[in-house]
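Student: This one is entry.txt, compact mmCIF, N, CA and C atoms.
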```
# COMPACT_ATOMS: atom_id res chain seq x y z
N MET A 155 -7.96 18.98 13.73
CA MET A 155 -8.42 18.53 12.44
C MET A 155 -7.42 17.53 11.88
N LEU A 156 -7.92 16.49 11.27
CA LEU A 156 -7.07 15.45 10.71
C LEU A 156 -7.29 15.42 9.21
N ARG A 157 -6.20 15.47 8.45
CA ARG A 157 -6.29 15.53 6.99
C ARG A 157 -5.28 14.59 6.36
N THR A 158 -5.64 14.08 5.22
CA THR A 158 -4.67 13.44 4.34
C THR A 158 -4.94 13.99 2.95
N GLU A 159 -3.89 14.32 2.26
CA GLU A 159 -4.02 14.96 0.96
C GLU A 159 -3.50 14.05 -0.14
N ILE A 160 -4.22 14.05 -1.24
CA ILE A 160 -3.81 13.26 -2.38
C ILE A 160 -2.56 13.84 -3.03
N SER A 161 -2.40 15.13 -2.96
CA SER A 161 -1.27 15.76 -3.63
C SER A 161 0.01 15.59 -2.82
N ARG A 162 0.37 14.35 -2.49
CA ARG A 162 1.59 14.03 -1.75
C ARG A 162 2.78 14.04 -2.69
N LYS A 163 3.97 14.04 -2.13
CA LYS A 163 5.20 14.16 -2.93
C LYS A 163 5.35 13.05 -3.96
N ASP A 164 4.78 11.87 -3.71
CA ASP A 164 4.87 10.78 -4.70
C ASP A 164 4.17 11.15 -6.00
N LEU A 165 3.20 12.02 -5.91
CA LEU A 165 2.46 12.42 -7.11
C LEU A 165 3.10 13.59 -7.84
N ASP A 166 4.03 14.27 -7.19
CA ASP A 166 4.63 15.46 -7.78
C ASP A 166 5.26 15.18 -9.15
N ASN A 167 5.89 14.03 -9.29
CA ASN A 167 6.53 13.71 -10.56
C ASN A 167 5.51 13.67 -11.69
N VAL A 168 4.37 13.08 -11.43
CA VAL A 168 3.34 12.99 -12.46
C VAL A 168 2.65 14.33 -12.62
N LEU A 169 2.27 14.96 -11.53
CA LEU A 169 1.52 16.20 -11.59
C LEU A 169 2.38 17.37 -12.06
N GLY A 170 3.68 17.29 -11.91
CA GLY A 170 4.56 18.36 -12.32
C GLY A 170 4.53 18.63 -13.81
N LYS A 171 4.08 17.67 -14.59
CA LYS A 171 4.01 17.81 -16.03
C LYS A 171 2.70 18.43 -16.51
N LEU A 172 1.81 18.78 -15.61
CA LEU A 172 0.48 19.22 -15.99
C LEU A 172 0.44 20.55 -16.73
N ASP A 173 1.43 21.38 -16.56
CA ASP A 173 1.44 22.67 -17.26
C ASP A 173 1.42 22.50 -18.76
N THR A 174 1.95 21.38 -19.23
CA THR A 174 2.02 21.16 -20.67
C THR A 174 0.84 20.34 -21.20
N LEU A 175 -0.11 20.02 -20.35
CA LEU A 175 -1.20 19.15 -20.76
C LEU A 175 -2.33 19.90 -21.43
N SER A 176 -3.03 19.19 -22.27
CA SER A 176 -4.19 19.77 -22.93
C SER A 176 -5.33 19.93 -21.93
N LYS A 177 -6.33 20.70 -22.34
CA LYS A 177 -7.50 20.94 -21.50
C LYS A 177 -8.22 19.62 -21.20
N ASP A 178 -8.35 18.76 -22.20
CA ASP A 178 -9.03 17.47 -22.00
C ASP A 178 -8.26 16.59 -21.02
N MET A 179 -6.94 16.60 -21.15
CA MET A 179 -6.14 15.78 -20.25
C MET A 179 -6.24 16.30 -18.82
N ARG A 180 -6.21 17.61 -18.64
CA ARG A 180 -6.36 18.18 -17.30
C ARG A 180 -7.70 17.77 -16.70
N LYS A 181 -8.73 17.76 -17.53
CA LYS A 181 -10.06 17.36 -17.07
C LYS A 181 -10.05 15.90 -16.63
N ASN A 182 -9.37 15.06 -17.38
CA ASN A 182 -9.28 13.64 -17.04
C ASN A 182 -8.43 13.40 -15.79
N VAL A 183 -7.39 14.20 -15.62
CA VAL A 183 -6.58 14.11 -14.41
C VAL A 183 -7.43 14.53 -13.20
N GLU A 184 -8.16 15.61 -13.35
CA GLU A 184 -9.03 16.07 -12.26
C GLU A 184 -10.06 14.99 -11.91
N TYR A 185 -10.66 14.39 -12.92
CA TYR A 185 -11.64 13.32 -12.69
C TYR A 185 -10.99 12.16 -11.92
N THR A 186 -9.79 11.78 -12.35
CA THR A 186 -9.08 10.66 -11.72
C THR A 186 -8.75 10.96 -10.26
N ILE A 187 -8.23 12.14 -10.00
CA ILE A 187 -7.89 12.52 -8.62
C ILE A 187 -9.14 12.55 -7.76
N ASN A 188 -10.21 13.12 -8.28
CA ASN A 188 -11.46 13.19 -7.52
C ASN A 188 -12.00 11.79 -7.21
N LYS A 189 -11.95 10.91 -8.21
CA LYS A 189 -12.44 9.54 -8.03
C LYS A 189 -11.68 8.83 -6.90
N HIS A 190 -10.37 8.98 -6.89
CA HIS A 190 -9.57 8.31 -5.86
C HIS A 190 -9.74 8.97 -4.49
N ALA A 191 -9.94 10.27 -4.46
CA ALA A 191 -10.20 10.95 -3.18
C ALA A 191 -11.51 10.43 -2.58
N LEU A 192 -12.51 10.26 -3.41
CA LEU A 192 -13.79 9.74 -2.92
C LEU A 192 -13.66 8.29 -2.45
N ARG A 193 -12.78 7.54 -3.09
CA ARG A 193 -12.50 6.17 -2.62
C ARG A 193 -11.84 6.19 -1.24
N ILE A 194 -10.91 7.11 -1.05
CA ILE A 194 -10.26 7.24 0.26
C ILE A 194 -11.31 7.59 1.32
N GLU A 195 -12.18 8.55 1.00
CA GLU A 195 -13.24 8.93 1.93
C GLU A 195 -14.11 7.73 2.29
N SER A 196 -14.53 6.99 1.28
CA SER A 196 -15.39 5.82 1.51
C SER A 196 -14.68 4.76 2.34
N ASP A 197 -13.43 4.49 2.01
CA ASP A 197 -12.65 3.49 2.75
C ASP A 197 -12.44 3.92 4.20
N ALA A 198 -12.14 5.19 4.41
CA ALA A 198 -11.95 5.69 5.78
C ALA A 198 -13.24 5.54 6.58
N LYS A 199 -14.36 5.82 5.95
CA LYS A 199 -15.65 5.68 6.63
C LYS A 199 -15.94 4.22 6.99
N SER A 200 -15.50 3.30 6.15
CA SER A 200 -15.73 1.89 6.44
C SER A 200 -14.77 1.36 7.51
N ARG A 201 -13.62 2.00 7.68
CA ARG A 201 -12.61 1.57 8.65
C ARG A 201 -12.81 2.17 10.04
N VAL A 202 -13.38 3.35 10.12
CA VAL A 202 -13.43 4.08 11.39
C VAL A 202 -14.32 3.36 12.40
N VAL A 203 -13.85 3.37 13.64
CA VAL A 203 -14.64 2.79 14.73
C VAL A 203 -15.85 3.70 14.95
N VAL A 204 -17.01 3.08 15.19
CA VAL A 204 -18.24 3.86 15.32
C VAL A 204 -18.83 3.68 16.71
N ASP A 205 -19.07 4.81 17.36
CA ASP A 205 -19.79 4.83 18.62
C ASP A 205 -21.11 5.54 18.35
N THR A 206 -21.03 6.85 18.14
CA THR A 206 -22.24 7.62 17.85
C THR A 206 -22.42 7.86 16.35
N GLY A 207 -21.37 7.66 15.57
CA GLY A 207 -21.42 7.92 14.13
C GLY A 207 -20.96 9.32 13.76
N ARG A 208 -20.67 10.15 14.76
CA ARG A 208 -20.26 11.53 14.49
C ARG A 208 -18.95 11.58 13.70
N LEU A 209 -17.97 10.79 14.10
CA LEU A 209 -16.68 10.80 13.42
C LEU A 209 -16.84 10.32 11.98
N ARG A 210 -17.52 9.22 11.79
CA ARG A 210 -17.70 8.68 10.44
C ARG A 210 -18.40 9.69 9.53
N SER A 211 -19.46 10.31 10.02
CA SER A 211 -20.20 11.25 9.17
C SER A 211 -19.43 12.54 8.91
N SER A 212 -18.37 12.80 9.69
CA SER A 212 -17.59 14.03 9.50
C SER A 212 -16.50 13.89 8.44
N ILE A 213 -16.24 12.69 7.98
CA ILE A 213 -15.19 12.47 6.98
C ILE A 213 -15.69 12.97 5.63
N LYS A 214 -14.97 13.92 5.07
CA LYS A 214 -15.39 14.60 3.84
C LYS A 214 -14.22 14.73 2.86
N THR A 215 -14.55 14.97 1.61
CA THR A 215 -13.58 15.29 0.57
C THR A 215 -13.84 16.72 0.12
N GLU A 216 -12.77 17.49 0.02
CA GLU A 216 -12.89 18.89 -0.38
C GLU A 216 -11.96 19.17 -1.55
N LYS A 217 -12.44 19.95 -2.48
CA LYS A 217 -11.65 20.35 -3.64
C LYS A 217 -10.72 21.48 -3.25
N LEU A 218 -9.44 21.35 -3.64
CA LEU A 218 -8.44 22.39 -3.41
C LEU A 218 -7.86 22.79 -4.76
N GLY A 219 -8.31 23.86 -5.29
CA GLY A 219 -7.85 24.28 -6.61
C GLY A 219 -8.36 23.34 -7.68
N GLU A 220 -7.74 23.40 -8.84
CA GLU A 220 -8.22 22.60 -9.96
C GLU A 220 -8.00 21.11 -9.74
N LEU A 221 -6.84 20.73 -9.22
CA LEU A 221 -6.50 19.32 -9.15
C LEU A 221 -6.35 18.76 -7.73
N GLY A 222 -6.30 19.58 -6.74
CA GLY A 222 -6.07 19.10 -5.38
C GLY A 222 -7.35 18.63 -4.70
N ARG A 223 -7.21 17.64 -3.87
CA ARG A 223 -8.31 17.16 -3.04
C ARG A 223 -7.77 16.88 -1.65
N THR A 224 -8.56 17.15 -0.64
CA THR A 224 -8.23 16.82 0.73
C THR A 224 -9.36 15.97 1.29
N VAL A 225 -8.98 14.87 1.92
CA VAL A 225 -9.94 14.05 2.64
C VAL A 225 -9.66 14.32 4.11
N TYR A 226 -10.68 14.74 4.85
CA TYR A 226 -10.44 15.22 6.21
C TYR A 226 -11.64 14.98 7.12
N THR A 227 -11.41 15.19 8.40
CA THR A 227 -12.45 15.28 9.40
C THR A 227 -12.10 16.45 10.30
N ASN A 228 -13.11 17.17 10.74
CA ASN A 228 -12.87 18.29 11.65
C ASN A 228 -13.29 17.97 13.08
N VAL A 229 -13.55 16.71 13.36
CA VAL A 229 -13.91 16.31 14.72
C VAL A 229 -12.65 16.35 15.58
N GLU A 230 -12.75 17.02 16.72
CA GLU A 230 -11.57 17.29 17.55
C GLU A 230 -10.88 16.04 18.08
N TYR A 231 -11.60 14.95 18.25
CA TYR A 231 -10.97 13.73 18.79
C TYR A 231 -10.48 12.79 17.69
N ALA A 232 -10.63 13.16 16.45
CA ALA A 232 -10.23 12.30 15.33
C ALA A 232 -8.77 11.85 15.39
N PRO A 233 -7.81 12.74 15.66
CA PRO A 233 -6.41 12.28 15.69
C PRO A 233 -6.12 11.32 16.83
N TYR A 234 -6.87 11.44 17.92
CA TYR A 234 -6.66 10.52 19.04
C TYR A 234 -7.11 9.11 18.67
N VAL A 235 -8.17 9.03 17.89
CA VAL A 235 -8.62 7.72 17.41
C VAL A 235 -7.59 7.17 16.43
N GLU A 236 -7.12 8.00 15.54
CA GLU A 236 -6.16 7.59 14.50
C GLU A 236 -4.83 7.12 15.08
N PHE A 237 -4.26 7.90 16.00
CA PHE A 237 -2.90 7.65 16.48
C PHE A 237 -2.81 7.12 17.90
N GLY A 238 -3.89 7.21 18.68
CA GLY A 238 -3.84 6.80 20.07
C GLY A 238 -3.36 7.94 20.95
N THR A 239 -3.19 7.65 22.24
CA THR A 239 -2.72 8.67 23.17
C THR A 239 -1.68 8.07 24.11
N LYS A 240 -0.92 8.96 24.71
CA LYS A 240 0.10 8.62 25.71
C LYS A 240 1.02 7.51 25.22
N SER A 241 1.21 6.49 26.04
CA SER A 241 2.18 5.43 25.72
C SER A 241 1.71 4.54 24.57
N LYS A 242 0.47 4.65 24.19
CA LYS A 242 -0.06 3.79 23.13
C LYS A 242 -0.04 4.43 21.75
N VAL A 243 0.51 5.62 21.64
CA VAL A 243 0.59 6.29 20.34
C VAL A 243 1.42 5.45 19.39
N ASN A 244 0.92 5.31 18.19
CA ASN A 244 1.64 4.61 17.13
C ASN A 244 1.90 5.60 16.01
N THR A 245 3.16 5.82 15.68
CA THR A 245 3.51 6.80 14.65
C THR A 245 3.71 6.16 13.28
N THR A 246 3.57 4.85 13.20
CA THR A 246 3.74 4.15 11.92
C THR A 246 2.42 3.51 11.52
N ILE A 247 1.98 3.84 10.32
CA ILE A 247 0.75 3.27 9.79
C ILE A 247 1.07 2.66 8.43
N MET A 248 0.83 1.37 8.32
CA MET A 248 1.07 0.63 7.09
C MET A 248 2.49 0.86 6.56
N GLY A 249 3.44 0.87 7.47
CA GLY A 249 4.84 1.01 7.09
C GLY A 249 5.30 2.43 6.83
N GLU A 250 4.41 3.39 6.91
CA GLU A 250 4.77 4.79 6.69
C GLU A 250 4.91 5.50 8.03
N ASP A 251 5.94 6.32 8.15
CA ASP A 251 6.22 7.05 9.38
C ASP A 251 5.44 8.37 9.41
N TYR A 252 4.54 8.48 10.35
CA TYR A 252 3.74 9.69 10.53
C TYR A 252 4.11 10.38 11.85
N SER A 253 5.35 10.22 12.29
CA SER A 253 5.73 10.77 13.59
C SER A 253 5.61 12.29 13.64
N GLU A 254 5.81 12.98 12.53
CA GLU A 254 5.66 14.44 12.53
C GLU A 254 4.26 14.84 12.95
N VAL A 255 3.28 14.05 12.58
CA VAL A 255 1.89 14.33 12.90
C VAL A 255 1.51 13.73 14.24
N ALA A 256 1.95 12.51 14.50
CA ALA A 256 1.43 11.73 15.63
C ALA A 256 2.14 11.93 16.95
N ILE A 257 3.38 12.34 16.94
CA ILE A 257 4.17 12.38 18.17
C ILE A 257 3.56 13.27 19.25
N GLN A 258 2.85 14.30 18.82
CA GLN A 258 2.24 15.24 19.77
C GLN A 258 1.20 14.57 20.69
N PHE A 259 0.67 13.43 20.28
CA PHE A 259 -0.38 12.79 21.06
C PHE A 259 0.16 11.94 22.21
N LYS A 260 1.47 11.76 22.27
CA LYS A 260 2.08 11.03 23.39
C LYS A 260 1.88 11.78 24.71
N LYS A 261 1.72 13.09 24.63
CA LYS A 261 1.54 13.91 25.83
C LYS A 261 0.06 14.21 26.08
N SER A 262 -0.82 13.63 25.31
CA SER A 262 -2.24 13.96 25.40
C SER A 262 -2.95 13.18 26.49
N ASN A 263 -4.17 13.57 26.74
CA ASN A 263 -5.04 12.85 27.67
C ASN A 263 -5.56 11.59 26.98
N GLY A 264 -6.29 10.80 27.72
CA GLY A 264 -6.87 9.63 27.09
C GLY A 264 -6.70 8.38 27.91
N GLY A 265 -7.28 8.35 29.07
CA GLY A 265 -7.20 7.15 29.89
C GLY A 265 -5.91 7.10 30.68
N LEU A 266 -5.86 6.18 31.62
CA LEU A 266 -4.72 6.04 32.50
C LEU A 266 -3.42 5.80 31.74
N GLY A 267 -3.39 4.76 30.95
CA GLY A 267 -2.19 4.43 30.20
C GLY A 267 -2.27 4.85 28.75
N GLY A 268 -3.35 5.51 28.41
CA GLY A 268 -3.55 5.95 27.04
C GLY A 268 -4.62 5.12 26.34
N VAL A 269 -4.97 5.59 25.18
CA VAL A 269 -5.97 4.94 24.34
C VAL A 269 -5.25 4.34 23.14
N ARG A 270 -5.53 3.10 22.83
CA ARG A 270 -4.87 2.47 21.69
C ARG A 270 -5.33 3.10 20.38
N PRO A 271 -4.46 3.17 19.41
CA PRO A 271 -4.83 3.74 18.11
C PRO A 271 -5.75 2.81 17.34
N ARG A 272 -6.64 3.42 16.58
CA ARG A 272 -7.51 2.68 15.67
C ARG A 272 -7.53 3.44 14.34
N PRO A 273 -6.43 3.33 13.60
CA PRO A 273 -6.26 4.11 12.36
C PRO A 273 -7.35 3.82 11.33
N TYR A 274 -7.76 4.83 10.62
CA TYR A 274 -8.78 4.72 9.60
C TYR A 274 -8.49 5.61 8.39
N LEU A 275 -8.07 6.85 8.61
CA LEU A 275 -7.88 7.79 7.50
C LEU A 275 -6.57 7.54 6.76
N PHE A 276 -5.47 7.43 7.49
CA PHE A 276 -4.19 7.21 6.83
C PHE A 276 -4.09 5.82 6.20
N PRO A 277 -4.65 4.76 6.80
CA PRO A 277 -4.65 3.47 6.09
C PRO A 277 -5.47 3.54 4.79
N ALA A 278 -6.55 4.28 4.81
CA ALA A 278 -7.35 4.44 3.58
C ALA A 278 -6.51 5.13 2.51
N PHE A 279 -5.75 6.15 2.92
CA PHE A 279 -4.87 6.85 1.97
C PHE A 279 -3.76 5.93 1.47
N GLU A 280 -3.10 5.24 2.39
CA GLU A 280 -1.98 4.37 2.01
C GLU A 280 -2.44 3.24 1.09
N THR A 281 -3.64 2.75 1.28
CA THR A 281 -4.18 1.70 0.42
C THR A 281 -4.43 2.23 -0.99
N GLU A 282 -4.91 3.44 -1.08
CA GLU A 282 -5.27 4.02 -2.38
C GLU A 282 -4.08 4.65 -3.10
N ARG A 283 -3.05 5.05 -2.37
CA ARG A 283 -1.93 5.77 -2.97
C ARG A 283 -1.33 5.09 -4.21
N PRO A 284 -0.99 3.78 -4.16
CA PRO A 284 -0.41 3.17 -5.36
C PRO A 284 -1.38 3.17 -6.55
N ARG A 285 -2.66 3.08 -6.26
CA ARG A 285 -3.67 3.11 -7.33
C ARG A 285 -3.75 4.49 -7.97
N ILE A 286 -3.61 5.52 -7.16
CA ILE A 286 -3.63 6.89 -7.68
C ILE A 286 -2.43 7.10 -8.60
N ILE A 287 -1.28 6.71 -8.12
CA ILE A 287 -0.06 6.89 -8.90
C ILE A 287 -0.14 6.13 -10.21
N LYS A 288 -0.59 4.87 -10.14
CA LYS A 288 -0.72 4.06 -11.37
C LYS A 288 -1.72 4.70 -12.33
N ALA A 289 -2.86 5.13 -11.82
CA ALA A 289 -3.89 5.74 -12.68
C ALA A 289 -3.36 6.99 -13.37
N LEU A 290 -2.61 7.82 -12.64
CA LEU A 290 -2.07 9.04 -13.24
C LEU A 290 -0.96 8.73 -14.25
N LYS A 291 -0.13 7.75 -13.94
CA LYS A 291 0.91 7.35 -14.90
C LYS A 291 0.29 6.78 -16.16
N ASP A 292 -0.74 5.96 -16.01
CA ASP A 292 -1.43 5.39 -17.16
C ASP A 292 -2.08 6.49 -18.00
N LEU A 293 -2.63 7.48 -17.32
CA LEU A 293 -3.26 8.59 -18.03
C LEU A 293 -2.24 9.35 -18.87
N VAL A 294 -1.08 9.60 -18.29
CA VAL A 294 -0.02 10.30 -19.02
C VAL A 294 0.45 9.43 -20.20
N LYS A 295 0.62 8.12 -19.93
CA LYS A 295 1.07 7.19 -20.97
C LYS A 295 0.08 7.11 -22.12
N ASN A 296 -1.21 7.20 -21.80
CA ASN A 296 -2.27 7.10 -22.82
C ASN A 296 -2.61 8.45 -23.44
N GLY A 297 -1.76 9.42 -23.25
CA GLY A 297 -1.98 10.72 -23.86
C GLY A 297 -3.15 11.47 -23.27
N GLY A 298 -3.51 11.13 -22.04
CA GLY A 298 -4.57 11.88 -21.36
C GLY A 298 -5.95 11.27 -21.53
N ARG A 299 -6.03 10.14 -22.22
CA ARG A 299 -7.34 9.49 -22.41
C ARG A 299 -7.59 8.51 -21.29
N LEU A 300 -8.83 8.53 -20.80
CA LEU A 300 -9.22 7.58 -19.73
C LEU A 300 -9.42 6.20 -20.32
```
Represent the structure from my file as structure tokens, please.
Tutor:
Amino acid sequence: MLRTEISRKDLDNVLGKLDTLSKDMRKNVEYTINKHALRIESDAKSRVVVDTGRLRSSIKTEKLGELGRTVYTNVEYAPYVEFGTKSKVNTTIMGEDYSEVAIQFKKSNGGLGGVRPRPYLFPAFETERPRIIKALKDLVKNGGRL
């Protein structure tokens, strides 16, 4: 299973203040996080290579608690498409190091010399990440009003 979560450490600074927020502000934060998670899902679907359409249709957004969202796919070959296999594995996506996740695929199957990576989920996340952070900071700055 391949997942990217909006509740990454970059958001902890903003989200850490939520205990002191009003009910309306929490609702607006939840709305904002959900909106950006759905954008990541949509972007990942537009980026993913399509053969049968199974991988693209498997990309989903799931609610985790009040404010958490996960954008994921449960298709077993999804990480091989994202990171590649064998000698062609790429652990860096858009300047971010994903070696903790990707390094395991260097020993995987996938053609004689490996399958080249065709990232879709993590680039969608990395593209949206600065927008999420800005939106949440603006929300806090505006007293929780959208």
Student: As a VMD selection string, please: all residues of range 203-242 of chain A that backbone DSSP puts in helix (DSSP H, G or I).
Tutor: chain A and resid 208 to 212 232 to 237 240 to 242
Student: Nearest to Ile213 in chain A among A:Arg201, A:Glu236, A:Tyr226, A:Asp178, with distances taken over all atoms listed in the file: which residue is it?
Tutor: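 For Ile213 in chain A, the nearest of the candidates is A:Tyr226.
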Student: Nearest to Ala191 in chain A: which of A:Pro233, A:Ser176, A:Asn244, A:Ile286 is it, counting only N, CA and C atoms?
Tutor: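 Looking only at the distances to Ala191 in chain A, the closest residue turns out to be A:Ile286.
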Student: Find the distance between atom C of Ser253 in chain A and atom C of Gly207 in chain A and write it in Å to one decimal.
Tutor: 26.7 Å
Student: Quick one: pull the distance between CA of Val235 in chain A and CA of Thr215 in chain A, Å, one decimal.
Tutor: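 The value is 19.1 Å.
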Student: Rounded to one decimal, what separation in Å do you get between CA of Pro271 in chain A and CA of Leu192 in chain A?
Tutor: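 Those two atoms sit 23.6 Å apart.
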Student: Residues at most 8 Å from Arg270 in chain A, counting all atoms listed in the file, excluding those fewer than 2 positions away in the same chain, as a list of chain:residue names?
Tutor: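 Result of the neighbour search: A:Tyr234, A:Val235, A:Glu236, A:Phe237, A:Gly238, A:Thr239, A:Lys240, A:Ser241, A:Lys242, A:Val243, A:Asn244, A:Gly264, A:Gly267, A:Gly268, A:Arg272, A:Pro273.
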Student: Hey, which of A:Met248, A:Glu230, A:Glu216, A:Ser200 ends up closest to Thr281 in chain A? Count only N, CA and C atoms.
Tutor: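 Smallest distance to Thr281 in chain A is found for A:Met248.
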Student: For each of A:Tyr231, A:Met179, A:Asp205, A:Ile194, take the minimum atom-to-atom distance to Phe279 in chain A, counting all atoms listed in the file, then give the residue where this is smallest.
Tutor: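 Looking only at the distances to Phe279 in chain A, the closest residue turns out to be A:Ile194.
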Student: Check the smallest atom-to-atom distance from each of A:Ile247, A:Ile187, A:Leu275, A:Val255 to Leu209 in chain A using only C-alpha atoms, then report the winner.
Tutor: A:Leu275
Student: In chain A, what's strand (DSSP E) per DSSP? Answer as a PyMOL selection string?
Tutor: chain A and resi 156-159+214-218+222-227+246-247+250-251
Student: For each of A:Ala278, A:Asp197, A:Ser212, A:Gly222, take the minimum atom-to-atom distance to Glu184 in chain A, counting all atoms listed in the file, then give the residue where this is smallest.
Tutor: A:Gly222
Student: Which residues are near range 292-298 of chain A? Cut-off 8 Å, only C-alpha atoms, ignore same chain within fewer than 4 positions. Put them as a count of residues only.
Tutor: 7
